[in-house]
file query_1.txt (compact mmCIF, C-alpha atoms)
# COMPACT_ATOMS: atom_id res chain seq x y z
CA MET A 1 96.81 109.62 182.19
CA ILE A 2 96.62 112.38 184.76
CA ASN A 3 93.83 114.87 184.31
CA ILE A 4 93.59 118.41 185.68
CA LYS A 5 91.37 117.50 188.60
CA ASP A 6 93.64 114.65 189.75
CA ALA A 7 96.71 116.86 189.48
CA TYR A 8 94.98 119.62 191.47
CA TYR A 9 93.97 117.25 194.25
CA ARG A 10 97.42 115.66 194.42
CA LEU A 11 99.20 119.02 194.56
CA SER A 12 96.72 120.49 197.05
CA MET A 13 97.37 117.52 199.36
CA ILE A 14 101.12 118.16 199.15
CA TYR A 15 100.95 121.94 199.73
CA HIS A 16 97.91 122.22 202.00
CA PRO A 17 98.54 124.59 204.97
CA ASP A 18 97.40 121.93 207.44
CA LYS A 19 100.25 119.69 206.29
CA ASN A 20 102.76 122.57 206.14
CA LYS A 21 101.98 124.55 209.31
CA GLY A 22 103.53 127.96 209.35
CA SER A 23 104.91 127.75 205.84
CA GLY A 24 104.07 130.89 203.90
CA GLU A 25 105.61 129.46 200.77
CA ALA A 26 103.25 126.42 200.91
CA ALA A 27 100.24 128.75 201.28
CA LYS A 28 101.43 130.83 198.30
CA ILE A 29 101.95 127.68 196.22
CA LEU A 30 98.48 126.40 197.16
CA ARG A 31 96.97 129.74 196.07
CA ASP A 32 98.84 129.42 192.77
CA ILE A 33 97.61 125.86 192.33
CA THR A 34 94.03 126.90 193.11
CA SER A 35 94.27 129.82 190.70
CA ALA A 36 95.61 127.56 187.96
CA TYR A 37 92.88 124.99 188.63
CA GLU A 38 90.17 127.64 188.40
CA ILE A 39 91.56 128.90 185.08
CA LEU A 40 92.03 125.43 183.60
CA GLY A 41 88.63 124.29 184.86
CA ASN A 42 86.80 127.13 183.07
CA ILE A 43 86.75 126.74 179.30
CA ARG A 44 86.52 130.46 178.56
CA GLN A 45 89.33 131.40 180.95
CA ARG A 46 91.46 128.50 179.68
CA LYS A 47 91.12 129.75 176.09
CA LEU A 48 92.08 133.24 177.19
CA TYR A 49 95.01 131.81 179.10
CA ASP A 50 96.13 129.67 176.17
CA SER A 51 95.97 132.62 173.82
CA ALA A 52 97.94 134.72 176.35
CA ALA A 53 95.16 137.32 176.48
CA ASN A 54 95.36 137.54 180.25
CA LEU A 55 98.96 138.73 180.49
CA ASN A 56 97.87 141.84 182.40
CA GLN A 57 96.63 139.63 185.26
CA ASN A 58 99.04 138.74 188.00
CA SER A 59 99.96 135.24 186.97
CA SER A 60 102.17 133.45 189.40
CA GLN A 61 104.94 131.04 188.59
CA PHE A 62 105.40 127.72 190.28
CA THR A 63 108.62 127.99 192.22
CA THR A 64 108.67 124.70 194.08
CA LYS A 65 111.61 122.35 194.13
CA GLN A 66 109.32 119.37 193.80
CA GLN A 67 107.77 119.15 190.34
CA PRO A 68 105.60 116.01 190.30
CA PHE A 69 103.98 116.75 186.90
CA GLU A 70 106.83 118.39 185.05
CA THR A 71 106.40 116.27 181.94
CA MET A 72 104.06 113.59 180.80
CA TYR A 73 105.74 110.47 179.56
CA THR A 74 105.22 110.50 175.82
CA LYS A 75 107.19 110.64 172.60
CA ASN A 76 105.19 113.53 171.18
CA ASP A 77 106.52 116.98 172.18
CA ILE A 78 103.05 118.53 172.10
CA TYR A 79 102.06 116.49 175.13
CA LYS A 80 105.04 117.62 177.17
CA THR A 81 104.20 120.25 179.72
CA ASN A 82 106.49 122.27 181.89
CA VAL A 83 104.64 123.63 184.91
CA ARG A 84 107.37 126.22 185.52
CA SER A 85 106.46 128.08 182.36
CA ARG A 86 103.10 129.34 181.14
CA ASP A 87 103.85 128.40 177.52
CA TYR A 88 101.66 125.29 177.49
CA ASN A 89 99.09 125.62 174.73
CA PHE A 90 96.12 123.46 175.62
CA GLU A 91 94.39 124.31 172.34
CA GLN A 92 97.37 123.01 170.38
CA TRP A 93 97.38 119.82 172.44
CA SER A 94 93.62 119.40 171.95
CA LYS A 95 93.91 119.84 168.19
CA ALA A 96 96.82 117.39 168.01
CA HIS A 97 95.04 114.82 170.15
CA TYR A 98 91.45 115.13 168.98
CA THR A 99 92.18 115.75 165.29
CA ASN A 100 93.15 112.09 164.90
CA VAL A 101 90.09 110.97 166.85
CA PHE A 102 87.76 113.12 164.75
CA ARG A 103 89.50 112.07 161.54
CA ARG A 104 89.12 108.38 162.40
CA HIS A 105 85.49 108.94 163.36
CA HIS A 106 84.85 110.80 160.09
CA GLU A 107 86.59 108.10 158.04
CA THR A 108 84.57 105.40 159.79
CA ARG A 109 81.35 107.27 159.12
CA GLN A 110 82.30 107.72 155.43
CA LYS A 111 83.21 104.04 155.15
CA ARG A 112 79.85 103.01 156.64
CA THR A 113 78.04 105.37 154.26
CA ARG A 114 80.00 104.00 151.30
CA ASN A 115 79.30 100.42 152.35
CA LYS A 116 75.60 101.19 152.78
CA MET A 117 75.46 102.82 149.34
CA ASN A 118 77.32 99.86 147.80
CA ASP A 119 74.91 97.42 149.47
CA GLU A 120 71.91 99.39 148.19
CA TYR A 121 73.45 99.50 144.70
CA ALA A 122 74.11 95.75 144.76
CA GLU A 123 70.54 95.12 145.93
CA ARG A 124 69.17 97.28 143.09
CA GLN A 125 71.41 95.47 140.60
CA ASN A 126 70.16 92.11 141.88
CA SER A 127 66.59 93.33 141.51
CA TYR A 128 67.31 94.54 137.96
CA ASN A 129 69.01 91.27 137.09
CA LEU A 130 66.08 89.28 138.44
CA LEU A 131 63.64 91.47 136.54
CA THR A 132 65.66 91.02 133.34
CA ILE A 133 65.70 87.25 133.79
CA MET A 134 61.94 87.23 134.41
CA VAL A 135 61.27 89.34 131.30
CA PHE A 136 63.45 87.14 129.08
CA ALA A 137 61.92 83.98 130.53
CA SER A 138 58.42 85.39 129.87
CA ILE A 139 59.38 86.29 126.29
CA PHE A 140 60.87 82.82 125.75
CA ILE A 141 57.70 81.17 127.13
CA LEU A 142 55.51 83.37 124.90
CA ILE A 143 57.62 82.56 121.82
CA SER A 144 57.47 78.87 122.65
CA MET A 145 53.69 79.07 123.13
CA PHE A 146 53.26 80.91 119.82
CA GLU A 147 55.41 78.32 118.04
CA HIS A 148 53.33 75.55 119.57
CA VAL A 149 50.07 77.31 118.62
CA LYS A 150 51.46 77.85 115.12
CA LYS A 151 52.26 74.12 114.80
CA ILE A 152 48.78 73.23 116.05
CA LEU A 153 47.17 75.61 113.55
CA ILE A 154 49.31 74.27 110.73
CA GLU A 155 48.39 70.71 111.71
CA ARG A 156 44.68 71.61 111.87
CA ASN A 157 44.87 73.24 108.45
CA ARG A 158 46.59 70.17 107.05
CA VAL A 159 44.01 67.86 108.60
CA LYS A 160 41.20 70.10 107.33
CA ARG A 161 42.65 70.11 103.80
CA ILE A 162 43.01 66.37 103.86
CA SER A 163 39.45 65.94 105.15
CA ASP A 164 38.17 68.43 102.55
CA LYS A 165 40.04 66.56 99.87
CA ASN A 166 38.60 63.26 101.08
CA ILE A 167 35.11 64.75 101.08
CA GLN A 168 35.56 65.98 97.50
CA ASP A 169 36.91 62.61 96.39
CA ASP A 170 33.85 60.83 97.69
call {"tool": "encode", "arguments": {"input": "query_1.txt", "output": "structure tokens"}}
result
Amino acid sequence: MINIKDAYYRLSMIYHPDKNKGSGEAAKILRDITSAYEILGNIRQRKLYDSAANLNQNSSQFTTKQQPFETMYTKNDIYKTNVRSRDYNFEQWSKAHYTNVFRRHHETRQKRTRNKMNDEYAERQNSYNLLTIMVFASIFILISMFEHVKKILIERNRVKRISDKNIQDD
């Protein structure tokens, strides 16, 4: 993909006065290219340019026969630029291009957050399940112990009654 700086350097090499000695048209084109590069390189000026707020300035038109960057090769019309006209809306292109990037980034962040929350929930549930199992196991052990103690007490009482009965019989 060709960026603004690469396009500026390529066009300035084509229309530089040292390569086109005595050509006034090449000098004018180079001034236009430099002016465009300065505007596109400055965020504030580029926004003003995109919003057409600088119509009172003397904006030049590219009038060359050679148009090396007339259109970018893409299926999307937003990406197509025509350097002959000043209708290119960089803000529209940025929104179209970066909206998808930001949306994917936001969706990825939400997915990670959801997964983290689900993992924390599952961990809490496992802790609760383990605690429940421990409580029921403790209750079962206590019930079993009480049943065993109850049997021992019943057996002692029976043995005591038998021994008391044997003592009385003697």
call {"tool": "residues_near_point", "arguments": {"input": "query_1.txt", "point": "(99.5, 125.5, 203.7)", "cutoff": "10 Å", "atoms": "only C-alpha atoms", "output": "PyMOL selection string"}}
result
chain A and resi 12-31
call {"tool": "closest_residue", "arguments": {"input": "query_1.txt", "among": "A:Ala122, A:Ile143, A:Ile162, A:Leu11", "to": "Thr34 of chain A", "atoms": "only C-alpha atoms"}}
result
A:Leu11
call {"tool": "atom_distance", "arguments": {"input": "query_1.txt", "atom1": "atom CA of Lys151 of chain A", "atom2": "atom CA of Met134 of chain A"}}
result
25.5 Å
